[in-house]
$ cat work38.cif   # mmCIF, C-alpha atoms
data_my_file
loop_
_atom_site.label_atom_id
_atom_site.label_comp_id
_atom_site.auth_asym_id
_atom_site.auth_seq_id
_atom_site.Cartn_x
_atom_site.Cartn_y
_atom_site.Cartn_z
CA MET B 26 0.43 -11.20 -3.23
CA LYS B 27 -2.55 -9.84 -1.34
CA HIS B 28 -2.55 -6.09 -0.77
CA LEU B 29 -2.42 -5.25 2.96
CA VAL B 30 -3.29 -1.60 3.61
CA VAL B 31 -2.36 -0.26 7.03
CA LEU B 32 -3.70 2.92 8.63
CA THR B 33 -1.54 4.10 11.54
CA GLY B 34 -1.84 6.91 14.07
CA ALA B 35 -0.14 8.29 17.14
CA GLY B 36 -0.54 5.07 19.12
CA MET B 37 1.82 3.38 16.68
CA SER B 38 4.74 5.55 17.78
CA ALA B 39 3.77 6.14 21.41
CA GLU B 40 5.74 3.13 22.61
CA SER B 41 8.85 4.54 20.96
CA GLY B 42 8.57 7.57 23.25
CA ILE B 43 6.81 9.99 20.91
CA LYS B 44 3.91 11.57 22.73
CA THR B 45 0.48 11.38 21.20
CA PHE B 46 -0.66 14.43 19.29
CA ARG B 47 -2.92 15.80 21.98
CA ASP B 48 -3.21 14.84 25.61
CA ALA B 49 -6.54 14.80 27.38
CA ASP B 50 -6.21 18.51 28.20
CA GLY B 51 -6.14 19.41 24.52
CA LEU B 52 -2.51 20.51 24.59
CA TRP B 53 0.36 19.27 22.45
CA GLU B 54 3.60 19.23 24.44
CA GLY B 55 2.20 22.05 26.59
CA HIS B 56 1.04 24.21 23.67
CA ASP B 57 -2.41 25.03 22.41
CA VAL B 58 -2.56 23.34 19.02
CA MET B 59 -3.98 26.50 17.49
CA GLU B 60 -0.70 28.25 18.33
CA VAL B 61 1.62 25.68 16.77
CA ALA B 62 -0.41 23.75 14.20
CA THR B 63 -2.32 26.34 12.15
CA PRO B 64 -1.35 28.80 9.40
CA GLN B 65 -2.70 31.56 11.66
CA GLY B 66 -0.39 30.50 14.48
CA PHE B 67 2.59 30.55 12.13
CA ALA B 68 1.67 34.00 10.81
CA LYS B 69 1.28 35.34 14.36
CA ASN B 70 4.44 33.88 15.91
CA PRO B 71 6.64 32.03 13.40
CA GLU B 72 9.57 31.74 15.79
CA LEU B 73 7.42 29.89 18.34
CA VAL B 74 6.16 27.49 15.67
CA LEU B 75 9.62 26.84 14.22
CA ASP B 76 11.05 26.21 17.70
CA PHE B 77 8.19 23.83 18.48
CA TYR B 78 8.94 21.68 15.43
CA ASN B 79 12.68 21.95 16.02
CA GLN B 80 12.09 20.32 19.41
CA ARG B 81 9.95 17.59 17.82
CA ARG B 82 12.66 16.98 15.20
CA ARG B 83 15.38 16.72 17.85
CA GLN B 84 13.23 14.27 19.80
CA LEU B 85 12.78 12.15 16.69
CA HIS B 86 16.56 11.71 16.42
CA GLU B 87 16.57 10.23 19.95
CA VAL B 88 13.94 7.51 19.50
CA GLN B 89 13.88 4.20 17.65
CA PRO B 90 11.21 2.16 15.88
CA ASN B 91 9.43 -0.26 18.20
CA SER B 92 8.59 -3.89 17.55
CA ALA B 93 5.23 -2.97 16.01
CA HIS B 94 7.01 -0.95 13.31
CA GLN B 95 9.40 -3.85 12.77
CA ASP B 96 6.63 -6.45 12.62
CA LEU B 97 4.84 -4.41 9.97
CA ALA B 98 8.02 -4.29 7.90
CA THR B 99 8.40 -8.09 8.05
CA LEU B 100 4.93 -8.56 6.56
CA GLU B 101 6.35 -7.33 3.23
CA GLN B 102 7.79 -10.84 2.88
CA ASP B 103 4.28 -12.22 2.41
CA TYR B 104 2.12 -9.27 1.39
CA LYS B 105 2.13 -6.15 -0.71
CA VAL B 106 2.04 -3.64 2.17
CA THR B 107 1.05 0.01 1.86
CA ILE B 108 1.13 2.10 5.04
CA ILE B 109 -1.00 5.24 5.23
CA THR B 110 0.06 7.09 8.36
CA GLN B 111 -1.13 10.18 10.18
CA ASN B 112 2.27 10.29 11.90
CA VAL B 113 4.93 12.78 10.83
CA ASP B 114 7.87 10.70 12.10
CA ASP B 115 10.04 8.40 9.98
CA LEU B 116 9.85 5.32 12.22
CA HIS B 117 8.04 3.19 9.63
CA GLU B 118 10.80 3.86 7.11
CA ARG B 119 13.57 3.25 9.65
CA ALA B 120 11.99 -0.10 10.55
CA GLY B 121 12.21 -1.16 6.92
CA SER B 122 8.76 -0.45 5.46
CA SER B 123 9.20 0.51 1.82
CA ASN B 124 5.84 2.03 0.89
CA VAL B 125 4.69 4.73 3.32
CA ILE B 126 2.28 7.60 2.62
CA HIS B 127 2.30 10.46 5.14
CA LEU B 128 -1.12 12.12 5.21
CA HIS B 129 -0.11 14.89 7.59
CA GLY B 130 3.37 15.63 6.27
CA GLU B 131 6.86 14.74 7.44
CA LEU B 132 8.91 16.19 10.26
CA LEU B 133 12.17 15.61 8.39
CA LYS B 134 11.10 17.74 5.43
CA VAL B 135 10.46 21.45 4.92
CA ARG B 136 8.75 23.38 2.16
CA SER B 137 8.52 26.87 0.74
CA THR B 138 5.84 29.12 2.22
CA LYS B 139 4.94 30.19 -1.33
CA ASN B 140 5.43 27.08 -3.46
CA LEU B 141 3.80 23.99 -1.95
CA SER B 142 5.63 21.65 -4.33
CA ASN B 143 9.06 23.00 -3.33
CA VAL B 144 9.87 20.40 -0.65
CA LYS B 145 13.28 19.32 0.62
CA SER B 146 14.73 17.04 3.28
CA TRP B 147 15.74 18.76 6.52
CA THR B 148 17.27 17.11 9.57
CA ASN B 149 18.49 20.10 11.62
CA ASP B 150 16.79 23.09 13.23
CA LEU B 151 14.83 25.43 10.97
CA HIS B 152 15.07 29.18 11.62
CA LEU B 153 13.61 32.43 10.38
CA GLY B 154 15.81 33.45 7.47
CA ASP B 155 16.16 29.91 6.11
CA LEU B 156 14.91 30.38 2.55
CA CYS B 157 13.97 28.18 -0.37
CA ASP B 158 15.84 28.54 -3.67
CA GLU B 159 13.20 31.04 -4.78
CA GLY B 160 13.92 33.29 -1.81
CA HIS B 161 10.89 32.48 0.36
CA GLN B 162 10.87 31.45 4.02
CA LEU B 163 10.85 27.71 4.64
CA ARG B 164 8.26 26.13 6.96
CA PRO B 165 7.73 22.63 8.36
CA HIS B 166 6.32 20.19 5.79
CA ILE B 167 3.34 19.52 8.05
CA VAL B 168 -0.37 19.65 7.22
CA TRP B 169 -1.78 22.09 9.74
CA PHE B 170 -5.39 22.43 10.84
CA GLY B 171 -7.37 24.23 8.16
CA GLU B 172 -5.06 23.11 5.35
CA ASP B 173 -5.81 20.65 2.56
CA VAL B 174 -4.54 17.08 2.88
CA PRO B 175 -2.86 16.66 -0.52
CA MET B 176 -2.28 12.90 -0.20
CA ILE B 177 -5.87 12.00 0.65
CA GLU B 178 -6.92 11.18 -2.94
CA LYS B 179 -4.00 8.79 -3.34
CA ALA B 180 -4.89 7.22 0.03
CA ILE B 181 -8.48 6.71 -1.11
CA ASP B 182 -7.32 4.99 -4.30
CA ILE B 183 -5.12 2.64 -2.27
CA CYS B 184 -7.90 1.78 0.17
CA GLU B 185 -10.15 0.87 -2.74
CA GLN B 186 -7.51 -1.69 -3.80
CA ALA B 187 -7.07 -3.29 -0.35
CA ASP B 188 -7.49 -7.02 0.20
CA ILE B 189 -6.99 -6.61 3.96
CA LEU B 190 -7.22 -3.45 6.11
CA LEU B 191 -5.26 -3.07 9.34
CA ILE B 192 -5.81 -0.05 11.61
CA ILE B 193 -3.32 0.64 14.42
CA GLY B 194 -3.21 3.26 17.14
CA THR B 195 -5.65 5.82 15.80
CA SER B 196 -8.90 7.04 17.29
CA MET B 197 -10.55 7.09 13.86
CA GLN B 198 -12.00 10.47 14.85
CA VAL B 199 -9.79 12.84 12.82
CA TYR B 200 -11.02 13.52 9.31
CA PRO B 201 -10.40 13.06 6.46
CA ALA B 202 -8.18 10.14 7.60
CA ALA B 203 -11.01 8.56 9.60
CA GLY B 204 -13.14 8.33 6.49
CA LEU B 205 -10.70 6.04 4.68
CA ILE B 206 -12.31 2.95 6.21
CA ASN B 207 -15.39 3.69 4.11
CA TYR B 208 -13.47 3.19 0.87
CA VAL B 209 -12.46 -0.43 1.36
CA SER B 210 -14.60 -3.25 0.02
CA GLN B 211 -17.21 -4.50 2.48
CA GLN B 212 -16.04 -8.03 1.78
CA ILE B 213 -12.46 -7.69 3.09
CA PRO B 214 -11.27 -8.44 6.64
CA ILE B 215 -10.55 -5.43 8.85
CA TYR B 216 -8.33 -5.62 11.93
CA PHE B 217 -8.30 -2.78 14.47
CA ILE B 218 -5.60 -2.52 17.16
CA ASP B 219 -6.03 0.11 19.89
CA PRO B 220 -6.13 0.06 23.71
CA LYS B 221 -9.43 1.97 23.59
CA PRO B 222 -10.94 1.05 20.23
CA SER B 223 -13.66 3.39 18.99
CA VAL B 224 -14.75 2.32 15.55
CA ASP B 225 -18.24 1.73 14.22
CA SER B 226 -19.15 -1.87 13.60
CA HIS B 227 -18.09 -3.06 10.19
CA LYS B 228 -18.57 -6.36 8.49
CA ASN B 229 -15.61 -8.71 9.00
CA LEU B 230 -14.15 -6.48 11.75
CA THR B 231 -11.77 -8.00 14.32
CA VAL B 232 -10.93 -5.71 17.26
CA ILE B 233 -7.75 -6.24 19.29
CA SER B 234 -7.93 -4.07 22.42
CA ASP B 235 -4.22 -3.75 23.08
CA THR B 236 -1.13 -1.66 22.44
CA ALA B 237 0.47 -1.56 19.02
CA THR B 238 3.39 -3.79 19.99
CA ASN B 239 1.23 -6.45 21.65
CA GLY B 240 -1.49 -6.24 19.01
CA MET B 241 0.95 -6.72 16.16
CA LYS B 242 2.08 -10.04 17.67
CA HIS B 243 -1.53 -11.24 17.35
CA ILE B 244 -1.76 -9.92 13.80
CA ILE B 245 1.44 -11.67 12.75
CA ASP B 246 -0.02 -14.95 13.99
CA LEU B 247 -3.37 -14.33 12.26
CA LEU B 248 -1.90 -13.29 8.91
CA LYS B 249 0.66 -16.09 8.82
CA LEU B 250 -2.08 -18.74 9.04
#

$ encode --input "work38.cif" --output "structure tokens"
Amino acid sequence: MKHLVVLTGAGMSAESGIKTFRDADGLWEGHDVMEVATPQGFAKNPELVLDFYNQRRRQLHEVQPNSAHQDLATLEQDYKVTIITQNVDDLHERAGSSNVIHLHGELLKVRSTKNLSNVKSWTNDLHLGDLCDEGHQLRPHIVWFGEDVPMIEKAIDICEQADILLIIGTSMQVYPAAGLINYVSQQIPIYFIDPKPSVDSHKNLTVISDTATNGMKHIIDLLKL
């Protein structure tokens, strides 16, 4: 089987009702991202940050995977598919994709504030006073601005093994994720789905200027040929 590597961003989940990370005004759900997505913001006002992610977690329980998520899952019938996502939702998994790497963490997990490897599943609200088994406050298992991206080395290794690269719903402007395109072989086909595509020209690049759900219909046709 050929190895299809898929990079997904906020546009992948937007049609499920999950708002993109930042609107044009630089806010995320009405909040300055520096308040709710940095270690400094958490240190300054942990209750605000915990409540912010509690709201995101509740919202996630109310939405469903869209047809683009489902179409990606069906490609596992014909390809070895690895999804590298910047999204913190679980919609890829719920749609049936079996190999998903979350670069920026997962909303349905929490971790110790002292031990980065102490991670556990968490589906309800998280509050001050919720402690890990070592007695430390738990925090969202999210990679905040200014923090290392622990999965990036694994993502680079996977991109180096790709036979086909598919990019969906990401501006390709946020690093280090945006740099992953530079690790695939120059000989492989690259498909880029986004309503406002902004990617440098690459050899063998096919751009589909459309939403994730519409674009995936084109991809299914192309890859089934």

$ closest_atom_pairs --input "work38.cif" --of "segment 148-175 of chain B" --to "segment 128-136 of chain B" --cutoff "6 Å" --atoms "only C-alpha atoms" --output "JSON lines"
{"residue": "B:Thr148", "atom": "CA", "partner": "B:Leu133", "partner_atom": "CA", "distance": 5.4}
{"residue": "B:Leu163", "atom": "CA", "partner": "B:Arg136", "partner_atom": "CA", "distance": 5.4}
{"residue": "B:Arg164", "atom": "CA", "partner": "B:Arg136", "partner_atom": "CA", "distance": 5.6}
{"residue": "B:Pro165", "atom": "CA", "partner": "B:Val135", "partner_atom": "CA", "distance": 4.5}
{"residue": "B:His166", "atom": "CA", "partner": "B:Val135", "partner_atom": "CA", "distance": 4.4}
{"residue": "B:Ile167", "atom": "CA", "partner": "B:Gly130", "partner_atom": "CA", "distance": 4.3}
{"residue": "B:Val168", "atom": "CA", "partner": "B:His129", "partner_atom": "CA", "distance": 4.8}

$ resolve_selection --input "work38.cif" --expression "the PyMOL selection byres ((chain B and resi 119) around 10)" --output "list in words"
Gln89, Pro90, His94, Gln95, Ala98, Asp114, Asp115, Leu116, His117, Glu118, Ala120, Gly121, Ser122 and Ser123 of chain B

$ closest_residue --input "work38.cif" --among "B:Met26, B:Asp219, B:Arg83, B:Gly160" --to "Leu100 of chain B" --atoms "only C-alpha atoms"
B:Met26

$ atom_distance --input "work38.cif" --atom1 "atom CA of Val113 of chain B" --atom2 "atom CA of Ala202 of chain B"
13.8 Å

$ closest_residue --input "work38.cif" --among "B:Asp150, B:Gly42, B:Asp155, B:Ser210" --to "Glu87 of chain B" --atoms "only C-alpha atoms"
B:Gly42

$ closest_residue --input "work38.cif" --among "B:Val106, B:Cys157, B:Val125, B:Ile218" --to "His28 of chain B" --atoms "all atoms listed in the file"
B:Val106

$ residues_around --input "work38.cif" --residues "Arg81 of chain B" --least-positions-apart "5" --cutoff "9 Å" --atoms "only C-alpha atoms" --output "mmCIF file with C-alpha atoms, keeping the file's coordinate frame"
data_model
loop_
_atom_site.group_PDB
_atom_site.id
_atom_site.type_symbol
_atom_site.label_atom_id
_atom_site.label_comp_id
_atom_site.auth_asym_id
_atom_site.auth_seq_id
_atom_site.Cartn_x
_atom_site.Cartn_y
_atom_site.Cartn_z
ATOM 1 C CA ILE B 43 6.810 9.990 20.910
ATOM 2 C CA ASP B 76 11.050 26.210 17.700
ATOM 3 C CA HIS B 86 16.560 11.710 16.420
ATOM 4 C CA LEU B 132 8.910 16.190 10.260
#

$ closest_residue --input "work38.cif" --among "B:His127, B:Lys139, B:Leu153, B:Leu247" --to "Asn70 of chain B" --atoms "all atoms listed in the file"
B:Leu153

$ atom_distance --input "work38.cif" --atom1 "atom CA of Ile177 of chain B" --atom2 "atom CA of Asn112 of chain B"
14.0 Å

$ atom_distance --input "work38.cif" --atom1 "atom CA of Lys242 of chain B" --atom2 "atom CA of Ser92 of chain B"
9.0 Å

$ closest_residue --input "work38.cif" --among "B:Leu205, B:Leu32, B:Glu60, B:Asn124" --to "Tyr104 of chain B" --atoms "all atoms listed in the file"
B:Asn124

$ closest_residue --input "work38.cif" --among "B:His161, B:Lys249, B:His152, B:Lys228" --to "Pro71 of chain B" --atoms "all atoms listed in the file"
B:His152

$ resolve_selection --input "work38.cif" --expression "the PyMOL selection byres ((chain B and resi 31) around 9)" --output "list of chain:residue names"
B:Leu29, B:Val30, B:Leu32, B:Thr33, B:Leu97, B:Val106, B:Thr107, B:Ile108, B:Ile109, B:Thr110, B:Ile189, B:Leu190, B:Leu191, B:Ile192, B:Ile193

$ write_last_selection --input "work38.cif" --atoms "C-alpha atoms" --output "PDB file, in the coordinates of the input"
ATOM      1  CA  LEU B  29      -2.420  -5.250   2.960  1.00  0.00           C
ATOM      2  CA  VAL B  30      -3.290  -1.600   3.610  1.00  0.00           C
ATOM      3  CA  LEU B  32      -3.700   2.920   8.630  1.00  0.00           C
ATOM      4  CA  THR B  33      -1.540   4.100  11.540  1.00  0.00           C
ATOM      5  CA  LEU B  97       4.840  -4.410   9.970  1.00  0.00           C
ATOM      6  CA  VAL B 106       2.040  -3.640   2.170  1.00  0.00           C
ATOM      7  CA  THR B 107       1.050   0.010   1.860  1.00  0.00           C
ATOM      8  CA  ILE B 108       1.130   2.100   5.040  1.00  0.00           C
ATOM      9  CA  ILE B 109      -1.000   5.240   5.230  1.00  0.00           C
ATOM     10  CA  THR B 110       0.060   7.090   8.360  1.00  0.00           C
ATOM     11  CA  ILE B 189      -6.990  -6.610   3.960  1.00  0.00           C
ATOM     12  CA  LEU B 190      -7.220  -3.450   6.110  1.00  0.00           C
ATOM     13  CA  LEU B 191      -5.260  -3.070   9.340  1.00  0.00           C
ATOM     14  CA  ILE B 192      -5.810  -0.050  11.610  1.00  0.00           C
ATOM     15  CA  ILE B 193      -3.320   0.640  14.420  1.00  0.00           C
TER      16      ILE B 193
END

$ resolve_selection --input "work38.cif" --expression "the PyMOL selection byres ((chain B and resi 229) around 8)" --output "list in words"
Gln211, Gln212, Ile213, Pro214, Ile215, His227, Lys228, Leu230 and Thr231 of chain B

$ build_atoms --input "work38.cif" --residues "segment 129-159 of chain B" --atoms "N, CA and C atoms" --output "mmCIF file, keeping the file's coordinate frame"
data_model
loop_
_atom_site.group_PDB
_atom_site.id
_atom_site.type_symbol
_atom_site.label_atom_id
_atom_site.label_comp_id
_atom_site.auth_asym_id
_atom_site.auth_seq_id
_atom_site.Cartn_x
_atom_site.Cartn_y
_atom_site.Cartn_z
ATOM 1 N N HIS B 129 -0.231 13.608 6.895
ATOM 2 C CA HIS B 129 -0.110 14.890 7.590
ATOM 3 C C HIS B 129 1.282 15.506 7.476
ATOM 4 N N GLY B 130 2.057 15.043 6.487
ATOM 5 C CA GLY B 130 3.370 15.630 6.270
ATOM 6 C C GLY B 130 4.472 14.850 6.960
ATOM 7 N N GLU B 131 5.689 15.413 6.893
ATOM 8 C CA GLU B 131 6.860 14.740 7.440
ATOM 9 C C GLU B 131 7.735 15.731 8.199
ATOM 10 N N LEU B 132 8.116 15.326 9.399
ATOM 11 C CA LEU B 132 8.910 16.190 10.260
ATOM 12 C C LEU B 132 10.304 16.434 9.700
ATOM 13 N N LEU B 133 10.820 15.486 8.929
ATOM 14 C CA LEU B 133 12.170 15.610 8.390
ATOM 15 C C LEU B 133 12.185 16.215 6.985
ATOM 16 N N LYS B 134 11.136 16.987 6.682
ATOM 17 C CA LYS B 134 11.100 17.740 5.430
ATOM 18 C C LYS B 134 10.581 19.152 5.717
ATOM 19 N N VAL B 135 10.969 20.081 4.858
ATOM 20 C CA VAL B 135 10.460 21.450 4.920
ATOM 21 C C VAL B 135 9.981 21.835 3.532
ATOM 22 N N ARG B 136 9.201 22.910 3.473
ATOM 23 C CA ARG B 136 8.750 23.380 2.160
ATOM 24 C C ARG B 136 8.676 24.899 2.137
ATOM 25 N N SER B 137 8.636 25.424 0.930
ATOM 26 C CA SER B 137 8.520 26.870 0.740
ATOM 27 C C SER B 137 7.155 27.351 1.224
ATOM 28 N N THR B 138 7.123 28.548 1.798
ATOM 29 C CA THR B 138 5.840 29.120 2.220
ATOM 30 C C THR B 138 5.026 29.606 1.020
ATOM 31 N N LYS B 139 5.640 29.697 -0.142
ATOM 32 C CA LYS B 139 4.940 30.190 -1.330
ATOM 33 C C LYS B 139 4.674 29.109 -2.372
ATOM 34 N N ASN B 140 5.544 28.125 -2.452
ATOM 35 C CA ASN B 140 5.430 27.080 -3.460
ATOM 36 C C ASN B 140 5.291 25.731 -2.762
ATOM 37 N N LEU B 141 4.078 25.211 -2.709
ATOM 38 C CA LEU B 141 3.800 23.990 -1.950
ATOM 39 C C LEU B 141 4.573 22.787 -2.461
ATOM 40 N N SER B 142 4.931 22.801 -3.750
ATOM 41 C CA SER B 142 5.630 21.650 -4.330
ATOM 42 C C SER B 142 7.141 21.723 -4.127
ATOM 43 N N ASN B 143 7.625 22.822 -3.568
ATOM 44 C CA ASN B 143 9.060 23.000 -3.330
ATOM 45 C C ASN B 143 9.380 22.433 -1.943
ATOM 46 N N VAL B 144 9.650 21.131 -1.903
ATOM 47 C CA VAL B 144 9.870 20.400 -0.650
ATOM 48 C C VAL B 144 11.287 19.847 -0.642
ATOM 49 N N LYS B 145 11.924 19.872 0.524
ATOM 50 C CA LYS B 145 13.280 19.320 0.620
ATOM 51 C C LYS B 145 13.478 18.654 1.967
ATOM 52 N N SER B 146 14.398 17.707 2.018
ATOM 53 C CA SER B 146 14.730 17.040 3.280
ATOM 54 C C SER B 146 15.412 18.014 4.219
ATOM 55 N N TRP B 147 15.191 17.832 5.529
ATOM 56 C CA TRP B 147 15.740 18.760 6.520
ATOM 57 C C TRP B 147 15.859 18.029 7.860
ATOM 58 N N THR B 148 17.065 17.880 8.338
ATOM 59 C CA THR B 148 17.270 17.110 9.570
ATOM 60 C C THR B 148 17.661 17.976 10.771
ATOM 61 N N ASN B 149 18.048 19.229 10.535
ATOM 62 C CA ASN B 149 18.490 20.100 11.620
ATOM 63 C C ASN B 149 17.398 21.098 11.999
ATOM 64 N N ASP B 150 17.745 22.053 12.861
ATOM 65 C CA ASP B 150 16.790 23.090 13.230
ATOM 66 C C ASP B 150 16.480 23.983 12.032
ATOM 67 N N LEU B 151 15.266 24.504 12.013
ATOM 68 C CA LEU B 151 14.830 25.430 10.970
ATOM 69 C C LEU B 151 14.594 26.796 11.625
ATOM 70 N N HIS B 152 15.126 27.848 11.014
ATOM 71 C CA HIS B 152 15.070 29.180 11.620
ATOM 72 C C HIS B 152 14.453 30.191 10.661
ATOM 73 N N LEU B 153 13.998 31.304 11.219
ATOM 74 C CA LEU B 153 13.610 32.430 10.380
ATOM 75 C C LEU B 153 14.840 32.871 9.593
ATOM 76 N N GLY B 154 14.679 33.099 8.316
ATOM 77 C CA GLY B 154 15.810 33.450 7.470
ATOM 78 C C GLY B 154 16.307 32.283 6.633
ATOM 79 N N ASP B 155 15.850 31.062 6.964
ATOM 80 C CA ASP B 155 16.160 29.910 6.110
ATOM 81 C C ASP B 155 15.198 29.947 4.924
ATOM 82 N N LEU B 156 15.736 30.137 3.732
ATOM 83 C CA LEU B 156 14.910 30.380 2.550
ATOM 84 C C LEU B 156 14.995 29.243 1.545
ATOM 85 N N CYS B 157 13.942 29.114 0.741
ATOM 86 C CA CYS B 157 13.970 28.180 -0.370
ATOM 87 C C CYS B 157 14.792 28.794 -1.500
ATOM 88 N N ASP B 158 15.008 28.030 -2.579
ATOM 89 C CA ASP B 158 15.840 28.540 -3.670
ATOM 90 C C ASP B 158 15.162 29.641 -4.470
ATOM 91 N N GLU B 159 13.891 29.925 -4.146
ATOM 92 C CA GLU B 159 13.200 31.040 -4.780
ATOM 93 C C GLU B 159 13.145 32.266 -3.871
#
